[in-house]
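K.L.:
My file is run-v1.cif. It has mmCIF, C-alpha atoms:
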```
data_upload
#
loop_
_atom_site.label_atom_id
_atom_site.label_comp_id
_atom_site.auth_asym_id
_atom_site.auth_seq_id
_atom_site.Cartn_x
_atom_site.Cartn_y
_atom_site.Cartn_z
CA MET V 7 -7.31 -23.70 7.28
CA LEU V 8 -7.20 -23.03 3.55
CA ASN V 9 -10.29 -20.83 3.76
CA VAL V 10 -8.68 -18.78 6.54
CA TYR V 11 -5.54 -18.42 4.41
CA LYS V 12 -7.55 -17.29 1.40
CA PHE V 13 -9.48 -14.83 3.57
CA VAL V 14 -6.28 -13.26 4.91
CA ILE V 15 -4.78 -13.01 1.43
CA SER V 16 -8.03 -11.54 0.11
CA ILE V 17 -7.97 -8.82 2.78
CA ASP V 18 -4.36 -8.02 1.90
CA PHE V 19 -5.32 -7.91 -1.78
CA ILE V 20 -8.15 -5.47 -1.10
CA ILE V 21 -5.87 -3.20 0.92
CA MET V 22 -3.05 -3.28 -1.65
CA SER V 23 -5.46 -2.76 -4.54
CA HIS V 24 -6.90 0.25 -2.76
CA GLU V 25 -3.42 1.72 -2.35
CA ALA V 26 -2.62 1.09 -6.01
CA ASN V 27 -5.86 2.72 -7.10
CA LYS V 28 -5.07 5.75 -4.95
CA GLN V 29 -1.75 6.08 -6.78
CA ILE V 30 -3.44 5.81 -10.17
CA LEU V 31 -6.09 8.36 -9.25
CA THR V 32 -3.73 10.82 -7.58
CA LEU V 33 -4.22 14.21 -9.20
CA ARG V 34 -1.34 15.88 -10.90
CA PRO V 35 -0.55 19.25 -9.29
CA GLY V 36 -3.13 21.70 -10.54
CA GLY V 37 -4.83 19.00 -12.61
CA SER V 38 -8.29 17.47 -12.56
CA LEU V 39 -9.28 13.85 -12.03
CA ARG V 40 -10.10 13.57 -15.74
CA GLU V 41 -6.66 14.90 -16.69
CA SER V 42 -5.00 12.46 -14.30
CA LEU V 43 -6.83 9.48 -15.79
CA PHE V 44 -6.10 10.68 -19.31
CA SER V 45 -2.43 10.99 -18.44
CA GLU V 46 -2.35 7.38 -17.22
CA GLU V 47 -4.03 6.22 -20.43
CA GLN V 48 -1.40 8.07 -22.44
CA LYS V 49 1.39 6.45 -20.44
CA LEU V 50 -0.16 3.04 -20.98
CA GLN V 51 -0.46 3.60 -24.71
CA GLN V 52 3.10 4.90 -24.99
CA TRP V 53 4.48 1.92 -23.06
CA PHE V 54 2.83 -0.52 -25.43
CA LYS V 55 4.04 1.46 -28.42
CA ASN V 56 7.55 1.19 -27.02
CA LEU V 57 7.10 -2.54 -26.51
CA GLY V 58 5.87 -2.89 -30.08
CA ASN V 59 8.89 -0.98 -31.36
CA LEU V 60 11.19 -3.25 -29.36
CA LEU V 61 9.59 -6.39 -30.78
CA LYS V 62 9.87 -5.02 -34.33
CA THR V 63 13.66 -5.10 -33.95
CA HIS V 64 13.37 -8.91 -33.68
CA PRO V 65 15.63 -9.22 -30.64
CA SER V 66 17.12 -12.55 -29.66
CA ASP V 67 15.79 -14.15 -26.49
CA ASP V 68 18.78 -12.84 -24.54
CA GLU V 69 18.32 -9.33 -25.93
CA PHE V 70 14.61 -9.38 -25.13
CA LYS V 71 15.28 -10.48 -21.57
CA ARG V 72 17.90 -7.76 -21.11
CA GLU V 73 15.34 -5.16 -22.15
CA LEU V 74 12.99 -6.48 -19.46
CA ASN V 75 15.67 -6.93 -16.78
CA ILE V 76 14.03 -6.41 -13.40
CA ASP V 77 17.35 -5.26 -11.93
CA ASP V 78 17.61 -2.35 -14.36
CA PRO V 79 15.52 0.62 -13.13
CA LYS V 80 15.18 1.88 -16.72
CA SER V 81 14.09 -1.44 -18.23
CA MET V 82 10.77 -1.98 -19.97
CA TRP V 83 9.61 -3.94 -16.94
CA ASN V 84 10.40 -1.25 -14.40
CA THR V 85 8.95 1.56 -16.51
CA ARG V 86 5.51 -0.03 -16.72
CA PRO V 87 2.62 2.37 -16.05
CA LEU V 88 0.85 2.07 -12.69
CA PHE V 89 -2.07 0.22 -14.27
CA LEU V 90 0.26 -2.66 -15.16
CA LYS V 91 2.30 -2.41 -11.96
CA LYS V 92 -0.89 -3.06 -10.03
CA LEU V 93 -0.42 -6.72 -10.98
CA ASP V 94 2.63 -6.74 -8.68
CA LEU V 95 0.22 -6.26 -5.78
CA VAL V 96 -2.04 -9.19 -6.65
CA PRO V 97 -1.19 -12.30 -4.58
CA GLN V 98 -1.85 -15.80 -5.87
CA PHE V 99 -2.96 -18.97 -4.15
CA TRP V 100 -1.83 -22.50 -3.58
CA LEU V 101 0.66 -23.65 -6.23
CA HIS V 102 1.81 -20.15 -7.17
CA THR V 103 4.50 -18.79 -4.87
CA GLU V 104 4.64 -15.23 -6.21
CA ASN V 105 2.34 -12.37 -7.14
CA VAL V 106 0.78 -12.10 -10.59
CA GLY V 107 3.21 -9.47 -11.86
CA LEU V 108 6.29 -11.41 -10.82
CA HIS V 109 4.88 -14.60 -12.32
CA ILE V 110 4.35 -12.82 -15.66
CA TYR V 111 7.94 -11.58 -15.51
CA HIS V 112 9.33 -15.06 -14.89
CA VAL V 113 7.27 -16.55 -17.71
CA ALA V 114 8.83 -14.00 -20.06
CA MET V 115 12.26 -14.82 -18.67
CA ASN V 116 11.67 -18.55 -19.25
CA LEU V 117 10.71 -18.17 -22.90
CA ASN V 118 12.69 -20.00 -25.54
CA THR V 119 11.46 -18.84 -28.94
CA GLU V 120 14.30 -20.35 -30.98
CA LYS V 121 12.11 -22.82 -32.88
CA ILE V 122 9.03 -20.70 -33.56
CA ILE V 123 8.30 -18.20 -36.31
CA ASN V 124 6.07 -15.76 -34.45
CA LYS V 125 8.43 -14.75 -31.68
CA SER V 126 6.93 -11.29 -31.17
CA VAL V 127 3.43 -12.71 -30.81
CA VAL V 128 4.43 -15.22 -28.14
CA ARG V 129 6.46 -12.63 -26.25
CA ALA V 130 3.50 -10.26 -26.21
CA ALA V 131 1.19 -13.08 -25.11
CA THR V 132 3.37 -13.93 -22.13
CA LEU V 133 3.32 -10.33 -20.93
CA LEU V 134 -0.48 -10.13 -21.20
CA HIS V 135 -1.70 -13.62 -20.33
CA ASP V 136 -2.63 -13.06 -16.67
CA ASN V 137 -3.95 -9.49 -16.79
CA GLY V 138 -7.40 -10.95 -16.19
CA LYS V 139 -6.38 -11.68 -12.60
CA ARG V 140 -6.01 -7.98 -11.80
CA ASN V 141 -9.22 -7.75 -9.80
CA ASP V 142 -9.47 -11.39 -8.74
CA PRO V 143 -6.46 -13.72 -8.53
CA THR V 144 -8.81 -16.73 -8.37
CA ASN V 145 -10.59 -15.80 -11.62
CA HIS V 146 -10.98 -19.07 -13.55
CA ASN V 147 -12.01 -17.12 -16.64
CA HIS V 148 -8.84 -15.04 -16.61
CA PRO V 149 -7.54 -16.41 -19.95
CA LEU V 150 -10.57 -15.03 -21.78
CA ASP V 151 -10.64 -11.84 -19.72
CA SER V 152 -6.94 -11.33 -20.39
CA ALA V 153 -7.48 -11.81 -24.13
CA GLN V 154 -10.31 -9.30 -24.20
CA GLU V 155 -8.20 -6.70 -22.42
CA ALA V 156 -5.17 -7.37 -24.62
CA GLU V 157 -6.73 -6.54 -27.97
CA LYS V 158 -6.36 -2.77 -27.74
CA TYR V 159 -2.81 -3.13 -26.45
CA LEU V 160 -1.85 -5.19 -29.48
CA LYS V 161 -3.29 -2.52 -31.76
CA TRP V 162 -1.20 0.09 -29.96
CA MET V 163 1.79 -2.18 -30.59
CA ASP V 164 0.96 -2.05 -34.31
CA PHE V 165 0.39 -5.79 -34.65
CA ASN V 166 -1.36 -6.78 -37.87
CA LYS V 167 -4.68 -8.64 -37.94
CA LYS V 168 -3.18 -12.13 -38.10
CA GLU V 169 -0.73 -11.38 -35.31
CA ILE V 170 -3.54 -10.08 -33.12
CA GLU V 171 -5.67 -13.15 -33.83
CA LEU V 172 -2.83 -15.50 -32.95
CA CYS V 173 -1.85 -13.60 -29.81
CA LEU V 174 -5.42 -13.47 -28.49
CA HIS V 175 -5.84 -17.15 -29.30
CA LEU V 176 -2.71 -18.07 -27.34
CA ILE V 177 -3.74 -15.96 -24.35
CA ALA V 178 -7.27 -17.36 -24.32
CA ASN V 179 -5.97 -20.94 -24.41
CA HIS V 180 -2.76 -20.64 -22.42
CA ASP V 181 -4.00 -23.04 -19.72
CA PHE V 182 -5.12 -25.77 -22.13
CA LEU V 183 -2.02 -27.95 -22.46
CA GLY V 184 -1.44 -27.74 -18.72
CA LYS V 185 -4.98 -28.92 -18.01
CA ILE V 186 -5.08 -31.74 -20.57
CA VAL V 187 -2.32 -33.64 -18.75
CA ASN V 188 -4.47 -33.73 -15.63
CA LEU V 189 -5.55 -37.31 -14.95
CA GLN V 190 -9.18 -36.18 -14.68
CA ALA V 191 -9.08 -34.24 -17.95
CA LYS V 192 -11.79 -35.04 -20.48
CA GLU V 193 -10.02 -33.32 -23.36
CA THR V 194 -8.28 -35.43 -26.01
CA ILE V 195 -5.58 -35.03 -28.64
CA ASP V 196 -8.36 -34.17 -31.09
CA ASP V 197 -9.24 -31.22 -28.87
CA VAL V 198 -5.63 -30.07 -28.99
CA ILE V 199 -5.77 -30.09 -32.79
CA LYS V 200 -9.03 -28.13 -32.76
CA ILE V 201 -7.31 -25.42 -30.74
CA CYS V 202 -4.07 -25.73 -32.71
CA PRO V 203 -5.08 -26.41 -36.34
CA THR V 204 -1.59 -25.60 -37.64
CA LEU V 205 1.87 -26.66 -36.58
CA GLU V 206 2.95 -23.08 -35.92
CA ILE V 207 0.06 -22.49 -33.51
CA LEU V 208 0.86 -25.77 -31.77
CA ASN V 209 4.54 -24.81 -31.51
CA CYS V 210 3.68 -21.37 -30.15
CA LEU V 211 1.33 -22.79 -27.53
CA LEU V 212 3.91 -25.37 -26.46
CA VAL V 213 6.66 -22.77 -26.00
CA PHE V 214 4.26 -20.51 -24.12
CA THR V 215 3.00 -23.35 -21.90
CA ILE V 216 6.47 -24.63 -21.02
CA ALA V 217 7.51 -21.12 -19.95
CA ASP V 218 4.29 -20.64 -17.98
CA ILE V 219 4.08 -24.00 -16.20
CA GLY V 220 7.83 -24.02 -15.62
CA SER V 221 7.44 -20.80 -13.64
CA ILE V 222 4.95 -22.28 -11.16
CA GLU V 223 7.27 -23.70 -8.50
CA GLY V 224 4.52 -25.25 -6.41
CA LEU V 225 3.18 -27.20 -9.38
CA ILE V 226 6.62 -28.45 -10.39
CA LYS V 227 7.20 -29.71 -6.84
CA ILE V 228 4.06 -31.84 -6.72
CA ARG V 229 4.22 -32.87 -10.40
CA PRO V 230 7.90 -32.96 -11.35
CA ASN V 231 7.15 -34.68 -14.67
CA ILE V 232 4.43 -32.30 -15.84
CA LEU V 233 6.60 -30.60 -18.47
CA ASN V 234 7.50 -33.99 -19.97
CA ASP V 235 3.81 -34.91 -19.95
CA ILE V 236 2.98 -31.73 -21.85
CA ILE V 237 5.71 -32.42 -24.40
CA SER V 238 4.33 -35.94 -24.84
CA VAL V 239 0.89 -34.51 -25.63
CA TYR V 240 2.52 -32.09 -28.07
CA VAL V 241 4.34 -34.92 -29.88
CA LYS V 242 1.12 -36.92 -30.25
CA ALA V 243 -0.81 -33.88 -31.47
CA LYS V 244 1.93 -32.94 -33.93
CA SER V 245 2.04 -36.46 -35.36
CA LYS V 246 -1.73 -36.63 -35.77
CA LEU V 247 -1.87 -33.14 -37.24
CA LEU V 248 0.78 -33.88 -39.85
CA SER V 249 -0.71 -37.25 -40.77
CA SER V 250 -4.13 -35.68 -41.36
CA LEU V 251 -2.88 -33.26 -43.99
CA PRO V 252 -2.32 -34.14 -47.66
CA HIS V 253 0.66 -31.79 -47.74
CA PRO V 254 2.79 -31.40 -44.58
CA THR V 255 3.46 -27.76 -45.45
CA ASP V 256 -0.25 -27.10 -44.88
CA ALA V 257 0.47 -27.46 -41.18
CA ILE V 258 2.12 -24.06 -40.98
CA VAL V 259 -0.70 -22.14 -42.69
CA TRP V 260 -2.70 -19.86 -40.39
CA HIS V 261 -6.42 -20.29 -39.98
CA LYS V 262 -8.89 -17.88 -38.45
CA MET V 263 -8.96 -18.65 -34.74
CA PRO V 264 -12.14 -17.89 -32.79
CA ILE V 265 -11.54 -16.79 -29.21
#
```
Using structure tokens, write down the structure from this file.

P.N.:
Amino acid sequence: MLNVYKFVISIDFIIMSHEANKQILTLRPGGSLRESLFSEEQKLQQWFKNLGNLLKTHPSDDEFKRELNIDDPKSMWNTRPLFLKKLDLVPQFWLHTENVGLHIYHVAMNLNTEKIINKSVVRAATLLHDNGKRNDPTNHNHPLDSAQEAEKYLKWMDFNKKEIELCLHLIANHDFLGKIVNLQAKETIDDVIKICPTLEILNCLLVFTIADIGSIEGLIKIRPNILNDIISVYVKAKSKLLSSLPHPTDAIVWHKMPI
């Protein structure tokens, strides 16, 4: 039954993706295909520049969410270029109850960045973390694919080198804390510390993960305590991280983070 369901969804995905691609490739009146594609690239670049400018104003969480408000036709969310809007046409399976685009939106809406330093980085990461599902919603490598796609966007947003490194690192590992609380998981607290060698990285990943997992209604229904389990892992990792350092302040220093 599940295979039939996935087949039907896959057919719908192919049809919807085809329609989205037709919109993206539609020629401007009197224009060529090359001009049309170039125009879309310009729109994409301008949108990310606008997002970068918004984040530079250091908005509060409420202000950031108002700028994204899905009910406002002029919001950042509703003015996304077609290339990004295509994610709204990508269905998801099993525990997810909404398309990829809507899931990304709800993760951003669930963010609570009050206790982290790098608010802009985490906000950008949430908006880019599932782009790797664009062509395949079942892509298990989507964290890495999303990170690879995101790099040029972050440059357009005028992020500095350290901000880009952190953002790509968070995107590439955004599933990690959710997976480690699985009973069959082989990863340990030491693995968490390898991925999060500083307290700030650990804090950022926790905030990101809570917003992400908390947006997956199907998962919350079958594992109502999963967010508490993730926080428990965080507490253990934080304690071990701090105890391993000669100076607790070392925990907030950034390290180079390989993707």

K.L.:
Need the shell around V:Ile237: protein/DNA/RNA residues with any atom at most 10 Å away, counting all atoms listed in the file. Skip same-chain ones fewer than 2 positions apart. Format as a list in words?

P.N.:
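Contacts, in chain order: Leu183, Val187, Leu212, Val213, Thr215, Ile216, Ile232, Leu233, Asn234, Asp235, Val239, Tyr240, Val241, Lys242 and Ala243 of chain V.
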
K.L.:
Could the residues in this selection be saved with C-alpha atoms as an mmCIF file, in the coordinates of the input?

P.N.:
```
data_model
loop_
_atom_site.group_PDB
_atom_site.id
_atom_site.type_symbol
_atom_site.label_atom_id
_atom_site.label_comp_id
_atom_site.auth_asym_id
_atom_site.auth_seq_id
_atom_site.Cartn_x
_atom_site.Cartn_y
_atom_site.Cartn_z
ATOM 1 C CA LEU V 183 -2.020 -27.950 -22.460
ATOM 2 C CA VAL V 187 -2.320 -33.640 -18.750
ATOM 3 C CA LEU V 212 3.910 -25.370 -26.460
ATOM 4 C CA VAL V 213 6.660 -22.770 -26.000
ATOM 5 C CA THR V 215 3.000 -23.350 -21.900
ATOM 6 C CA ILE V 216 6.470 -24.630 -21.020
ATOM 7 C CA ILE V 232 4.430 -32.300 -15.840
ATOM 8 C CA LEU V 233 6.600 -30.600 -18.470
ATOM 9 C CA ASN V 234 7.500 -33.990 -19.970
ATOM 10 C CA ASP V 235 3.810 -34.910 -19.950
ATOM 11 C CA VAL V 239 0.890 -34.510 -25.630
ATOM 12 C CA TYR V 240 2.520 -32.090 -28.070
ATOM 13 C CA VAL V 241 4.340 -34.920 -29.880
ATOM 14 C CA LYS V 242 1.120 -36.920 -30.250
ATOM 15 C CA ALA V 243 -0.810 -33.880 -31.470
#
```

K.L.:
For the atom pair atom CA of V:Ala153 and atom CA of V:Phe54, what is the interatomic distance in Å to one decimal place?

P.N.:
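For atom CA of V:Ala153 relative to atom CA of V:Phe54, the distance reads 15.3 Å.
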
K.L.:
For atom CA of V:Arg129 and atom CA of V:Leu60, quote the distance in Å rounded to one decimal.

P.N.:
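A separation of 11.0 Å between them.
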
K.L.:
Suppose you want the space between atom CA of V:Lys91 and atom CA of V:Ile222; what is it in Å?

P.N.:
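So the two atoms, atom CA of V:Lys91 and atom CA of V:Ile222, lie 20.1 Å apart.
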
K.L.:
Run the PyMOL selection byres ((chain V and resi 74-78) around 12) on the file and write out the hits as a list of chain:residue names.

P.N.:
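Applied to this file, the PyMOL selection byres ((chain V and resi 74-78) around 12) returns V:Leu57, V:Leu60, V:Leu61, V:Pro65, V:Asp67, V:Asp68, V:Glu69, V:Phe70, V:Lys71, V:Arg72, V:Glu73, V:Pro79, V:Lys80, V:Ser81, V:Met82, V:Trp83, V:Asn84, V:Thr85, V:Arg86, V:Gly107, V:Leu108, V:Ile110, V:Tyr111, V:His112, V:Val113, V:Ala114, V:Met115, V:Arg129, V:Leu133.
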
K.L.:
If we count only C-alpha atoms, what is near V:Leu174 at a cut-off of 8 Å, once residues fewer than 6 positions away on the same chain are taken out, given as a VMD selection string?

P.N.:
chain V and resid 131 153 to 154 156 to 157 265

K.L.:
Keeping only C-alpha atoms, take the residues you just selected and write them out as a CSV table (one decimal), in the coordinates of the input.

P.N.:
```
chain,number,residue,atom,x,y,z
V,131,ALA,CA,1.2,-13.1,-25.1
V,153,ALA,CA,-7.5,-11.8,-24.1
V,154,GLN,CA,-10.3,-9.3,-24.2
V,156,ALA,CA,-5.2,-7.4,-24.6
V,157,GLU,CA,-6.7,-6.5,-28.0
V,265,ILE,CA,-11.5,-16.8,-29.2
```

K.L.:
Could you pull the residues within 9 Å of V:Ile201, counting all atoms listed in the file, minus those fewer than 2 positions along the same chain, as a list in words?

P.N.:
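Within the cut-off, the hits are His175, Asn179, Phe182, Asp196, Asp197, Val198, Ile199, Pro203, Thr204, Ile207, Leu208 and Met263 of chain V.
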
K.L.:
Using all atoms listed in the file, which residue out of V:Leu247, V:Val96, V:Leu90, V:Ile236 lies closest to V:Phe214?

P.N.:
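Smallest separation from V:Phe214 among the options: V:Ile236.
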
K.L.:
Counting only C-alpha atoms, which of V:Ser45, V:Asn188, V:Asn209, V:Thr63 gets nearest to V:Leu172?

P.N.:
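Ranking V:Ser45, V:Asn188, V:Asn209, V:Thr63 by distance to V:Leu172, first place goes to V:Asn209.
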